[in-house]
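*Asks:* Below is work36.cif; it holds mmCIF, C-alpha atoms.
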data_coords
#
loop_
_atom_site.label_atom_id
_atom_site.label_comp_id
_atom_site.auth_asym_id
_atom_site.auth_seq_id
_atom_site.Cartn_x
_atom_site.Cartn_y
_atom_site.Cartn_z
CA MET R 266 -81.08 -38.24 -113.35
CA LYS R 267 -78.10 -40.07 -111.93
CA LYS R 268 -79.63 -40.09 -108.45
CA PHE R 269 -82.98 -41.33 -109.84
CA PHE R 270 -81.22 -44.16 -111.67
CA GLY R 271 -79.36 -45.09 -108.50
CA LEU R 272 -82.65 -45.17 -106.57
CA ILE R 273 -84.18 -47.53 -109.13
CA VAL R 274 -81.17 -49.86 -109.01
CA ALA R 275 -81.24 -49.90 -105.20
CA PHE R 276 -84.96 -50.72 -105.14
CA ALA R 277 -84.49 -53.47 -107.74
CA PHE R 278 -81.71 -55.08 -105.68
CA GLY R 279 -83.74 -54.85 -102.50
CA LEU R 280 -86.82 -56.38 -104.15
CA MET R 281 -84.72 -59.18 -105.62
CA ILE R 282 -83.09 -60.01 -102.29
CA ILE R 283 -86.45 -60.00 -100.47
CA LEU R 284 -88.11 -62.19 -103.13
CA ALA R 285 -85.21 -64.62 -103.12
CA LEU R 286 -85.08 -64.98 -99.35
CA ARG R 287 -88.81 -65.18 -98.62
CA ASN R 288 -90.40 -68.53 -97.77
CA MET R 289 -87.13 -70.33 -98.24
CA SER R 290 -86.10 -73.44 -96.32
CA GLY R 291 -82.43 -72.44 -96.27
CA PHE R 292 -83.14 -69.16 -94.48
CA PRO R 293 -84.84 -69.87 -91.14
CA ALA R 294 -86.50 -67.25 -88.99
CA TYR R 295 -84.57 -65.26 -86.40
CA GLY R 296 -83.58 -67.44 -83.44
CA ASP R 297 -84.46 -70.79 -85.00
CA VAL R 298 -80.92 -71.70 -86.03
CA ASN R 299 -78.93 -74.36 -84.23
CA LEU R 300 -75.51 -72.73 -84.32
CA ALA R 301 -73.63 -75.93 -83.51
CA GLU R 302 -74.42 -77.19 -87.01
CA ARG R 303 -72.88 -74.14 -88.63
CA ILE R 304 -69.30 -74.37 -87.39
CA SER R 305 -66.47 -75.45 -89.67
CA GLY R 306 -65.96 -78.87 -88.05
CA SER R 307 -69.31 -80.20 -89.15
CA TYR R 308 -68.69 -78.92 -92.68
CA PHE R 309 -65.48 -80.93 -92.79
CA GLN R 310 -67.29 -84.10 -91.75
CA SER R 311 -70.44 -83.76 -93.84
CA ALA R 312 -69.17 -82.38 -97.11
CA ILE R 313 -65.57 -82.86 -97.99
CA ALA R 314 -65.37 -82.71 -101.74
CA GLU R 315 -68.69 -83.66 -103.31
CA LEU R 316 -70.45 -80.46 -102.31
CA VAL R 317 -67.80 -77.98 -103.40
CA GLY R 318 -65.62 -79.95 -105.77
CA SER R 319 -62.38 -78.27 -104.81
CA ALA R 320 -59.34 -80.47 -104.22
CA ASN R 321 -57.75 -77.88 -101.91
CA ILE R 322 -59.68 -77.95 -98.64
CA VAL R 323 -58.62 -74.40 -97.65
CA THR R 324 -60.06 -73.03 -100.88
CA SER R 325 -63.27 -75.00 -100.39
CA VAL R 326 -63.70 -73.29 -97.01
CA VAL R 327 -62.60 -69.82 -98.15
CA LEU R 328 -64.69 -69.67 -101.32
CA GLY R 329 -67.21 -72.48 -100.87
CA PHE R 330 -68.61 -72.13 -97.38
CA ARG R 331 -67.27 -68.72 -96.41
CA ALA R 332 -67.47 -66.76 -99.67
CA PHE R 333 -69.22 -63.86 -97.98
CA ASP R 334 -66.23 -63.41 -95.61
CA THR R 335 -63.94 -63.33 -98.63
CA LEU R 336 -66.09 -60.61 -100.19
CA GLY R 337 -65.58 -58.65 -96.95
CA GLU R 338 -61.80 -59.09 -97.14
CA VAL R 339 -61.78 -57.85 -100.73
CA THR R 340 -63.86 -54.87 -99.62
CA VAL R 341 -61.36 -54.04 -96.86
CA LEU R 342 -58.56 -53.95 -99.42
CA PHE R 343 -60.69 -51.81 -101.73
CA VAL R 344 -61.42 -49.30 -98.95
CA SER R 345 -57.72 -49.05 -98.04
CA SER R 346 -56.70 -48.39 -101.65
CA LEU R 347 -59.52 -45.84 -101.88
CA GLY R 348 -58.17 -44.06 -98.79
CA VAL R 349 -54.65 -43.93 -100.22
CA ALA R 350 -56.00 -42.53 -103.49
CA LEU R 351 -58.06 -39.97 -101.60
CA ILE R 352 -55.00 -38.59 -99.79
CA LEU R 353 -52.27 -38.95 -102.39
CA ASP R 354 -53.99 -38.43 -105.75
CA PHE R 355 -52.98 -35.24 -107.55
CA LYS R 356 -53.60 -33.99 -111.07
CA HIS R 357 -50.08 -33.70 -112.40
CA LYS R 358 -47.78 -36.34 -111.07
CA LYS R 359 -44.27 -37.41 -111.82
CA ARG R 360 -42.17 -40.33 -110.74
CA MET R 361 -40.18 -40.15 -107.55
CA GLU R 362 -36.48 -40.13 -108.43
CA LEU R 363 -34.22 -42.85 -107.11
CA ALA R 364 -30.98 -42.20 -105.29
CA PHE R 365 -29.05 -44.47 -107.67
CA LYS R 366 -29.07 -44.91 -111.41
CA PRO R 367 -30.00 -48.44 -112.52
CA ASN R 368 -27.63 -49.80 -115.14
CA PHE R 369 -28.45 -51.71 -118.29
CA MET R 370 -27.84 -55.19 -116.86
CA LEU R 371 -30.18 -54.63 -113.92
CA LYS R 372 -32.90 -53.28 -116.21
CA THR R 373 -32.80 -56.20 -118.68
CA ALA R 374 -32.53 -58.86 -116.00
CA SER R 375 -35.44 -57.45 -114.09
CA TYR R 376 -37.66 -57.45 -117.20
CA ILE R 377 -36.87 -61.17 -117.66
CA LEU R 378 -37.59 -61.80 -113.97
CA VAL R 379 -40.88 -59.91 -114.15
CA SER R 380 -42.13 -62.17 -116.95
CA ILE R 381 -41.29 -65.26 -114.88
CA ILE R 382 -43.00 -63.80 -111.79
CA LEU R 383 -46.12 -62.98 -113.81
CA VAL R 384 -46.30 -66.51 -115.26
CA VAL R 385 -45.95 -68.05 -111.78
CA SER R 386 -48.60 -65.75 -110.36
CA PHE R 387 -51.11 -66.56 -113.10
CA TYR R 388 -50.40 -70.27 -112.59
CA MET R 389 -51.04 -69.82 -108.88
CA ILE R 390 -54.31 -67.96 -109.47
CA LEU R 391 -55.62 -70.47 -112.05
CA HIS R 392 -54.75 -73.48 -109.86
CA GLY R 393 -56.13 -71.96 -106.68
CA HIS R 394 -58.75 -74.70 -106.32
CA LEU R 395 -56.24 -77.52 -106.81
CA SER R 396 -53.01 -76.56 -105.09
CA PRO R 397 -51.92 -74.11 -102.35
CA GLY R 398 -52.05 -70.47 -103.32
CA GLY R 399 -54.93 -68.70 -104.96
CA GLY R 400 -56.22 -65.24 -105.59
CA PHE R 401 -54.72 -63.26 -102.74
CA PRO R 402 -51.06 -64.42 -102.96
CA GLY R 403 -51.25 -64.43 -106.77
CA GLY R 404 -52.50 -60.86 -106.83
CA ALA R 405 -49.79 -59.80 -104.40
CA MET R 406 -47.23 -61.40 -106.73
CA ILE R 407 -48.56 -59.37 -109.69
CA ALA R 408 -48.20 -56.22 -107.57
CA SER R 409 -44.67 -57.18 -106.48
CA SER R 410 -43.65 -57.55 -110.14
CA VAL R 411 -44.88 -53.99 -110.75
CA LEU R 412 -42.86 -52.87 -107.73
CA LEU R 413 -39.76 -54.60 -109.12
CA LEU R 414 -40.18 -52.69 -112.39
CA TYR R 415 -40.41 -49.42 -110.46
CA LEU R 416 -37.24 -50.27 -108.54
CA ALA R 417 -35.18 -51.41 -111.52
CA ASP R 418 -36.24 -49.01 -114.26
CA ASP R 419 -36.13 -45.29 -113.52
CA GLN R 420 -38.34 -44.40 -116.49
CA PHE R 421 -41.11 -46.88 -115.74
CA ARG R 422 -44.60 -45.64 -114.98
CA SER R 423 -47.58 -48.01 -114.80
CA LYS R 424 -50.84 -47.24 -116.58
CA ILE R 425 -52.94 -46.45 -113.52
CA GLN R 426 -56.15 -45.86 -115.50
CA GLY R 427 -56.18 -49.41 -116.83
CA PHE R 428 -55.66 -50.76 -113.32
CA LYS R 429 -58.64 -48.76 -112.09
CA ILE R 430 -60.93 -50.09 -114.84
CA LEU R 431 -59.73 -53.68 -114.26
CA GLU R 432 -60.25 -53.39 -110.53
CA SER R 433 -63.79 -52.03 -110.68
CA ALA R 434 -64.86 -54.50 -113.39
CA ALA R 435 -63.53 -57.47 -111.41
CA GLY R 436 -65.14 -56.25 -108.18
CA SER R 437 -68.55 -55.78 -109.83
CA LEU R 438 -68.35 -59.20 -111.51
CA ILE R 439 -67.70 -60.91 -108.13
CA VAL R 440 -70.86 -59.34 -106.67
CA VAL R 441 -72.87 -60.19 -109.81
CA ILE R 442 -71.79 -63.85 -109.68
CA GLY R 443 -72.91 -63.98 -106.04
CA LEU R 444 -76.28 -62.49 -106.98
CA VAL R 445 -76.73 -65.02 -109.80
CA GLY R 446 -76.23 -67.75 -107.19
CA LEU R 447 -78.91 -66.10 -105.07
CA VAL R 448 -81.38 -65.97 -107.97
CA ILE R 449 -80.79 -69.43 -109.45
CA GLY R 450 -80.08 -71.34 -106.25
CA THR R 451 -80.89 -70.65 -102.64
CA ALA R 452 -78.00 -68.65 -101.19
CA TYR R 453 -75.61 -65.81 -101.98
CA PHE R 454 -72.47 -67.23 -103.67
CA GLU R 455 -74.07 -70.63 -104.16
CA ASN R 456 -72.12 -72.88 -106.49
CA PHE R 457 -74.59 -73.01 -109.38
CA LEU R 458 -72.29 -74.55 -111.99
CA ASN R 459 -71.50 -78.24 -112.37
CA THR R 460 -68.63 -79.16 -110.05
CA GLY R 461 -67.17 -81.73 -112.44
CA VAL R 462 -64.39 -84.21 -111.67
CA ILE R 463 -62.30 -83.37 -108.61
CA GLY R 464 -58.72 -82.59 -109.58
CA ASN R 465 -59.37 -81.37 -113.12
CA LEU R 466 -58.45 -77.82 -114.02
CA LEU R 467 -62.02 -77.03 -115.08
CA SER R 468 -63.84 -78.20 -111.97
CA ALA R 469 -65.34 -76.82 -108.77
CA GLY R 470 -67.97 -74.68 -110.50
CA ILE R 471 -67.66 -70.96 -109.82
CA ILE R 472 -64.63 -71.17 -107.50
CA PRO R 473 -61.91 -70.79 -110.19
CA ILE R 474 -63.87 -67.95 -111.82
CA ILE R 475 -64.15 -66.04 -108.54
CA TYR R 476 -60.49 -66.72 -107.73
CA VAL R 477 -59.34 -65.31 -111.08
CA LEU R 478 -61.45 -62.19 -110.47
CA ILE R 479 -60.11 -61.83 -106.91
CA GLY R 480 -56.54 -62.21 -108.17
CA LEU R 481 -56.98 -59.49 -110.80
CA LYS R 482 -58.69 -57.21 -108.27
CA VAL R 483 -56.07 -57.64 -105.54
CA GLY R 484 -53.21 -57.26 -108.02
CA SER R 485 -54.55 -54.07 -109.57
CA GLU R 486 -55.46 -52.60 -106.17
CA ILE R 487 -52.02 -53.14 -104.62
CA ALA R 488 -50.35 -51.99 -107.85
CA SER R 489 -52.33 -48.74 -107.81
CA VAL R 490 -51.44 -48.22 -104.12
CA ILE R 491 -47.75 -48.71 -105.02
CA ASP R 492 -48.11 -46.23 -107.86
CA GLN R 493 -49.66 -43.67 -105.51
CA PHE R 494 -46.80 -44.12 -103.04
CA LEU R 495 -44.03 -43.83 -105.61
CA THR R 496 -45.19 -40.73 -107.45
CA GLU R 497 -45.23 -37.16 -106.23
CA GLU R 498 -46.80 -33.87 -107.16
CA GLU R 499 -45.08 -32.01 -109.94
CA LYS R 500 -43.90 -28.60 -108.85
CA SER R 501 -44.68 -26.05 -111.52
CA MET L 76 -36.15 -87.14 -80.74
CA THR L 77 -36.70 -87.58 -84.46
CA PHE L 78 -35.08 -85.65 -87.27
CA PHE L 79 -38.30 -83.65 -87.71
CA ASP L 80 -38.18 -82.45 -84.09
CA VAL L 81 -34.53 -81.45 -84.33
CA PHE L 82 -35.16 -79.55 -87.56
CA SER L 83 -38.12 -77.62 -86.15
CA LEU L 84 -36.11 -76.80 -83.03
CA ILE L 85 -33.25 -75.41 -85.13
CA ILE L 86 -35.70 -73.32 -87.17
CA SER L 87 -37.37 -71.92 -84.05
CA VAL L 88 -34.06 -70.96 -82.42
CA LEU L 89 -32.90 -69.32 -85.66
CA ILE L 90 -36.14 -67.32 -85.85
CA LEU L 91 -35.58 -66.03 -82.32
CA VAL L 92 -31.94 -65.12 -82.98
CA ILE L 93 -32.76 -63.31 -86.24
CA ALA L 94 -35.63 -61.41 -84.62
CA PHE L 95 -33.22 -60.22 -81.93
CA LEU L 96 -30.70 -59.17 -84.59
CA ALA L 97 -33.40 -57.32 -86.55
CA ILE L 98 -34.24 -55.23 -83.50
CA ASN L 99 -30.65 -54.54 -82.50
CA ALA L 100 -29.08 -53.85 -85.91
CA LYS L 101 -27.22 -50.54 -86.13
CA LYS L 102 -28.10 -49.75 -89.76
CA LEU L 103 -31.71 -49.70 -90.92
CA ILE L 104 -31.00 -51.58 -94.15
CA HIS L 105 -29.50 -54.48 -92.17
CA SER L 106 -32.65 -54.54 -90.06
CA VAL L 107 -34.81 -54.83 -93.19
CA ILE L 108 -32.68 -57.70 -94.51
CA TYR L 109 -32.93 -59.53 -91.18
CA LEU L 110 -36.73 -59.07 -91.33
CA SER L 111 -36.79 -60.65 -94.78
CA ALA L 112 -34.71 -63.59 -93.54
CA LEU L 113 -37.11 -63.99 -90.63
CA SER L 114 -40.03 -64.18 -93.05
CA MET L 115 -38.20 -66.83 -95.07
CA LEU L 116 -37.64 -68.94 -91.92
CA ALA L 117 -41.29 -68.46 -90.99
CA VAL L 118 -42.20 -69.92 -94.39
CA VAL L 119 -40.16 -73.04 -93.54
CA ALA L 120 -41.85 -73.23 -90.16
CA PHE L 121 -45.31 -72.97 -91.75
CA ILE L 122 -44.46 -75.79 -94.18
CA LEU L 123 -43.26 -77.93 -91.27
CA MET L 124 -46.62 -77.28 -89.60
CA LYS L 125 -48.36 -78.47 -92.83
CA ALA L 126 -49.92 -75.11 -93.76
CA PRO L 127 -48.77 -74.54 -97.36
CA ASP L 128 -51.40 -71.87 -98.10
CA VAL L 129 -50.21 -69.67 -95.25
CA ALA L 130 -46.61 -70.36 -96.27
CA ILE L 131 -47.17 -69.09 -99.81
CA THR L 132 -48.91 -65.96 -98.56
CA GLU L 133 -46.08 -65.30 -96.09
CA ALA L 134 -43.46 -65.80 -98.79
CA VAL L 135 -45.14 -63.36 -101.17
CA ILE L 136 -46.20 -60.67 -98.70
CA GLY L 137 -43.65 -60.95 -95.90
CA SER L 138 -40.41 -61.48 -97.73
CA GLY L 139 -41.34 -60.06 -101.13
CA LEU L 140 -43.67 -57.09 -101.05
CA VAL L 141 -42.91 -55.68 -97.59
CA THR L 142 -39.13 -55.94 -97.99
CA ALA L 143 -39.19 -54.24 -101.39
CA LEU L 144 -41.42 -51.47 -100.03
CA PHE L 145 -39.10 -50.92 -97.04
CA ILE L 146 -36.04 -50.73 -99.31
CA PHE L 147 -37.81 -48.22 -101.55
CA VAL L 148 -38.69 -46.08 -98.53
CA LEU L 149 -35.09 -46.18 -97.28
CA LEU L 150 -33.83 -45.12 -100.72
CA SER L 151 -36.14 -42.12 -100.88
CA ILE L 152 -35.25 -41.10 -97.30
CA LYS L 153 -31.59 -41.06 -98.30
CA ARG L 154 -32.43 -38.91 -101.30
CA ARG L 155 -34.11 -36.32 -99.05
CA ASP L 156 -31.10 -36.29 -96.72
CA ALA L 157 -28.66 -35.68 -99.56
CA LYS L 158 -30.36 -32.44 -100.57
#
What's the structure tokens form of this structure?

*Replies:*
Amino acid sequence: MKKFFGLIVAFAFGLMIILALRNMSGFPAYGDVNLAERISGSYFQSAIAELVGSANIVTSVVLGFRAFDTLGEVTVLFVSSLGVALILDFKHKKRMELAFKPNFMLKTASYILVSIILVVSFYMILHGHLSPGGGFPGGAMIASSVLLLYLADDQFRSKIQGFKILESAAGSLIVVIGLVGLVIGTAYFENFLNTGVIGNLLSAGIIPIIYVLIGLKVGSEIASVIDQFLTEEEKS
Amino acid sequence: MTFFDVFSLIISVLILVIAFLAINAKKLIHSVIYLSALSMLAVVAFILMKAPDVAITEAVIGSGLVTALFIFVLLSIKRRDAK
């Protein structure tokens, strides 16, 4: 039953992609493309801000013109965290003990610091289309706050199940948003929302949405890798 | 030579010196700390080269995550040795 359902979903996706790409002006036949028009320099000259609507030009390249590459990068991170889980995941796990005992001051101060780091990282993720930063550094900051808690509190153990659910939901939503662009517009990851006024927080169409999803995905992935590294099998 | 040139020259020389120290340090923990300092100087160099996105990524990954992970690894190695 599960395999049959998977077959139906695969056929539906294939049919949708074929129907969306057929007889389309934006998808020329093999060999008809003039590659000189598809290099970043011409994008910079022809469409600075009106096409994408992002004030940060790096973000407009990473998520506007090259969103498929970004999906590949996210996939690389997903595969690496999958490999770590494949090797290091056991049934009964306990925390690795530290060589020193953290005192009360260190514990309290690190909880305060973690809240500040989390606020900065969410700011960075939400303003990825306006200022430097974005999903990848913001997600790494979330993971580093989890690592700080592991280092400063010898009882701390993160809820790995919640991270797994968050990670898979965010990853599926990124792909679904790309497919919606393919169905409504002409290309995978096309910006189908209104781009709005450049410089506002709610502008640039789907770019902030995808960046929030990428930030959550990267943060939960690296946090689950850290959790796999810092736990060990319980000897019974 | 402007002030900008002098500043970038100082940063570059410091990066080279700290990289040499990181390789030649006697204790491993000193080596990790020198690596973190090198990442911090690389952040300054990236900002001087007007690449703030790369600078933020370097600051988070290079001097935050990697250093903390190295220190954690060193701590658990010491715990194994003590047994």

*Asks:* Suppose a student applies the PyMOL selection byres ((chain R) within 6 of (chain L)) to this structure; what residues should they get, written as a VMD selection string?

*Replies:* chain R and resid 364 397 to 398 402 409

*Asks:* Which residues come within 12 Å of R:Ile425, counting all atoms listed in the file, excluding same-chain residues fewer than 5 positions away, as a compact mmCIF listing (two decimals) with C-alpha atoms, in the coordinates of the input?

*Replies:*
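Saved file part12.txt follows:
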# COMPACT_ATOMS: atom_id res chain seq x y z
CA ALA R 350 -56.00 -42.53 -103.49
CA ASP R 354 -53.99 -38.43 -105.75
CA LYS R 358 -47.78 -36.34 -111.07
CA VAL R 411 -44.88 -53.99 -110.75
CA ILE R 430 -60.93 -50.09 -114.84
CA LEU R 431 -59.73 -53.68 -114.26
CA GLU R 432 -60.25 -53.39 -110.53
CA SER R 485 -54.55 -54.07 -109.57
CA GLU R 486 -55.46 -52.60 -106.17
CA ILE R 487 -52.02 -53.14 -104.62
CA ALA R 488 -50.35 -51.99 -107.85
CA SER R 489 -52.33 -48.74 -107.81
CA VAL R 490 -51.44 -48.22 -104.12
CA ILE R 491 -47.75 -48.71 -105.02
CA ASP R 492 -48.11 -46.23 -107.86
CA GLN R 493 -49.66 -43.67 -105.51
CA THR R 496 -45.19 -40.73 -107.45

*Asks:* If you count all atoms listed in the file, which residues fall within 12 Å of R:Gly399, apart from same-chain ones fewer than 6 positions away, as a PDB file with C-alpha atoms, keeping the file's coordinate frame?

*Replies:*
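Generated output (around.pdb):
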ATOM      1  CA  ASN R 321     -57.750 -77.880-101.910  1.00  0.00           C
ATOM      2  CA  VAL R 323     -58.620 -74.400 -97.650  1.00  0.00           C
ATOM      3  CA  THR R 324     -60.060 -73.030-100.880  1.00  0.00           C
ATOM      4  CA  SER R 325     -63.270 -75.000-100.390  1.00  0.00           C
ATOM      5  CA  VAL R 327     -62.600 -69.820 -98.150  1.00  0.00           C
ATOM      6  CA  LEU R 328     -64.690 -69.670-101.320  1.00  0.00           C
ATOM      7  CA  VAL R 385     -45.950 -68.050-111.780  1.00  0.00           C
ATOM      8  CA  SER R 386     -48.600 -65.750-110.360  1.00  0.00           C
ATOM      9  CA  PHE R 387     -51.110 -66.560-113.100  1.00  0.00           C
ATOM     10  CA  TYR R 388     -50.400 -70.270-112.590  1.00  0.00           C
ATOM     11  CA  MET R 389     -51.040 -69.820-108.880  1.00  0.00           C
ATOM     12  CA  ILE R 390     -54.310 -67.960-109.470  1.00  0.00           C
ATOM     13  CA  LEU R 391     -55.620 -70.470-112.050  1.00  0.00           C
ATOM     14  CA  HIS R 392     -54.750 -73.480-109.860  1.00  0.00           C
ATOM     15  CA  GLY R 393     -56.130 -71.960-106.680  1.00  0.00           C
ATOM     16  CA  ALA R 405     -49.790 -59.800-104.400  1.00  0.00           C
ATOM     17  CA  MET R 406     -47.230 -61.400-106.730  1.00  0.00           C
ATOM     18  CA  ILE R 472     -64.630 -71.170-107.500  1.00  0.00           C
ATOM     19  CA  PRO R 473     -61.910 -70.790-110.190  1.00  0.00           C
ATOM     20  CA  ILE R 474     -63.870 -67.950-111.820  1.00  0.00           C
ATOM     21  CA  ILE R 475     -64.150 -66.040-108.540  1.00  0.00           C
ATOM     22  CA  TYR R 476     -60.490 -66.720-107.730  1.00  0.00           C
ATOM     23  CA  VAL R 477     -59.340 -65.310-111.080  1.00  0.00           C
ATOM     24  CA  LEU R 478     -61.450 -62.190-110.470  1.00  0.00           C
ATOM     25  CA  ILE R 479     -60.110 -61.830-106.910  1.00  0.00           C
ATOM     26  CA  GLY R 480     -56.540 -62.210-108.170  1.00  0.00           C
ATOM     27  CA  LEU R 481     -56.980 -59.490-110.800  1.00  0.00           C
ATOM     28  CA  VAL R 483     -56.070 -57.640-105.540  1.00  0.00           C
ATOM     29  CA  GLY R 484     -53.210 -57.260-108.020  1.00  0.00           C
TER      30      GLY R 484
ATOM     31  CA  PRO L 127     -48.770 -74.540 -97.360  1.00  0.00           C
ATOM     32  CA  ASP L 128     -51.400 -71.870 -98.100  1.00  0.00           C
ATOM     33  CA  VAL L 129     -50.210 -69.670 -95.250  1.00  0.00           C
ATOM     34  CA  ILE L 131     -47.170 -69.090 -99.810  1.00  0.00           C
ATOM     35  CA  THR L 132     -48.910 -65.960 -98.560  1.00  0.00           C
ATOM     36  CA  VAL L 135     -45.140 -63.360-101.170  1.00  0.00           C
TER      37      VAL L 135
END

*Asks:* If I take atom CA of R:Ile283 and atom CA of R:Thr335, how far is one from the other in Å, to one decimal?

*Replies:* 22.8 Å

*Asks:* Suppose a student applies the PyMOL selection byres ((chain R and resi 447) around 12) to this structure; what residues should they get, written as a list in words?

*Replies:*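 With the shown file as input, the PyMOL selection byres ((chain R and resi 447) around 12) matches Phe278, Met281, Ile282, Ile283, Leu284, Ala285, Leu286, Arg287, Met289, Gly291, Phe292, Val440, Val441, Ile442, Gly443, Leu444, Val445, Gly446, Val448, Ile449, Gly450, Thr451, Ala452, Tyr453, Phe454, Glu455, Asn456 and Phe457 of chain R.
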
*Asks:* Working from the structure I just supplied, which lacks atoms in stretch 110-117 of chain L, can you model all heavy atoms there and output them as an mmCIF file, keeping the file's coordinate frame?

*Replies:*
data_model
loop_
_atom_site.group_PDB
_atom_site.id
_atom_site.type_symbol
_atom_site.label_atom_id
_atom_site.label_comp_id
_atom_site.auth_asym_id
_atom_site.auth_seq_id
_atom_site.Cartn_x
_atom_site.Cartn_y
_atom_site.Cartn_z
ATOM 1 N N LEU L 110 -35.269 -58.837 -91.338
ATOM 2 C CA LEU L 110 -36.730 -59.070 -91.330
ATOM 3 C C LEU L 110 -37.125 -59.992 -92.473
ATOM 4 O O LEU L 110 -37.960 -60.892 -92.309
ATOM 5 C CB LEU L 110 -37.439 -57.727 -91.452
ATOM 6 C CG LEU L 110 -38.856 -57.655 -90.933
ATOM 7 C CD1 LEU L 110 -38.842 -57.850 -89.443
ATOM 8 C CD2 LEU L 110 -39.457 -56.331 -91.273
ATOM 9 N N SER L 111 -36.504 -59.785 -93.636
ATOM 10 C CA SER L 111 -36.790 -60.650 -94.780
ATOM 11 C C SER L 111 -36.354 -62.084 -94.499
ATOM 12 O O SER L 111 -37.082 -63.035 -94.813
ATOM 13 C CB SER L 111 -36.056 -60.106 -95.996
ATOM 14 O OG SER L 111 -36.216 -60.960 -97.068
ATOM 15 N N ALA L 112 -35.174 -62.239 -93.877
ATOM 16 C CA ALA L 112 -34.710 -63.590 -93.540
ATOM 17 C C ALA L 112 -35.637 -64.250 -92.542
ATOM 18 O O ALA L 112 -35.915 -65.456 -92.622
ATOM 19 C CB ALA L 112 -33.291 -63.511 -92.973
ATOM 20 N N LEU L 113 -36.164 -63.454 -91.613
ATOM 21 C CA LEU L 113 -37.110 -63.990 -90.630
ATOM 22 C C LEU L 113 -38.382 -64.489 -91.316
ATOM 23 O O LEU L 113 -38.915 -65.547 -90.974
ATOM 24 C CB LEU L 113 -37.438 -62.917 -89.610
ATOM 25 C CG LEU L 113 -38.311 -63.327 -88.433
ATOM 26 C CD1 LEU L 113 -37.651 -62.869 -87.171
ATOM 27 C CD2 LEU L 113 -39.658 -62.707 -88.526
ATOM 28 N N SER L 114 -38.842 -63.733 -92.322
ATOM 29 C CA SER L 114 -40.030 -64.180 -93.050
ATOM 30 C C SER L 114 -39.756 -65.499 -93.775
ATOM 31 O O SER L 114 -40.603 -66.387 -93.808
ATOM 32 C CB SER L 114 -40.440 -63.135 -94.070
ATOM 33 O OG SER L 114 -41.090 -62.089 -93.455
ATOM 34 N N MET L 115 -38.559 -65.602 -94.352
ATOM 35 C CA MET L 115 -38.200 -66.830 -95.070
ATOM 36 C C MET L 115 -38.197 -68.027 -94.121
ATOM 37 O O MET L 115 -38.702 -69.110 -94.446
ATOM 38 C CB MET L 115 -36.809 -66.626 -95.672
ATOM 39 C CG MET L 115 -36.673 -66.979 -97.121
ATOM 40 S SD MET L 115 -37.957 -66.349 -98.136
ATOM 41 C CE MET L 115 -38.521 -67.866 -98.831
ATOM 42 N N LEU L 116 -37.636 -67.842 -92.900
ATOM 43 C CA LEU L 116 -37.640 -68.940 -91.920
ATOM 44 C C LEU L 116 -39.050 -69.250 -91.452
ATOM 45 O O LEU L 116 -39.386 -70.417 -91.203
ATOM 46 C CB LEU L 116 -36.751 -68.579 -90.744
ATOM 47 C CG LEU L 116 -35.271 -68.695 -91.039
ATOM 48 C CD1 LEU L 116 -34.464 -68.131 -89.909
ATOM 49 C CD2 LEU L 116 -34.920 -70.136 -91.242
ATOM 50 N N ALA L 117 -39.896 -68.216 -91.378
ATOM 51 C CA ALA L 117 -41.290 -68.460 -90.990
ATOM 52 C C ALA L 117 -41.999 -69.294 -92.039
ATOM 53 O O ALA L 117 -42.849 -70.124 -91.707
ATOM 54 C CB ALA L 117 -42.018 -67.133 -90.784
#
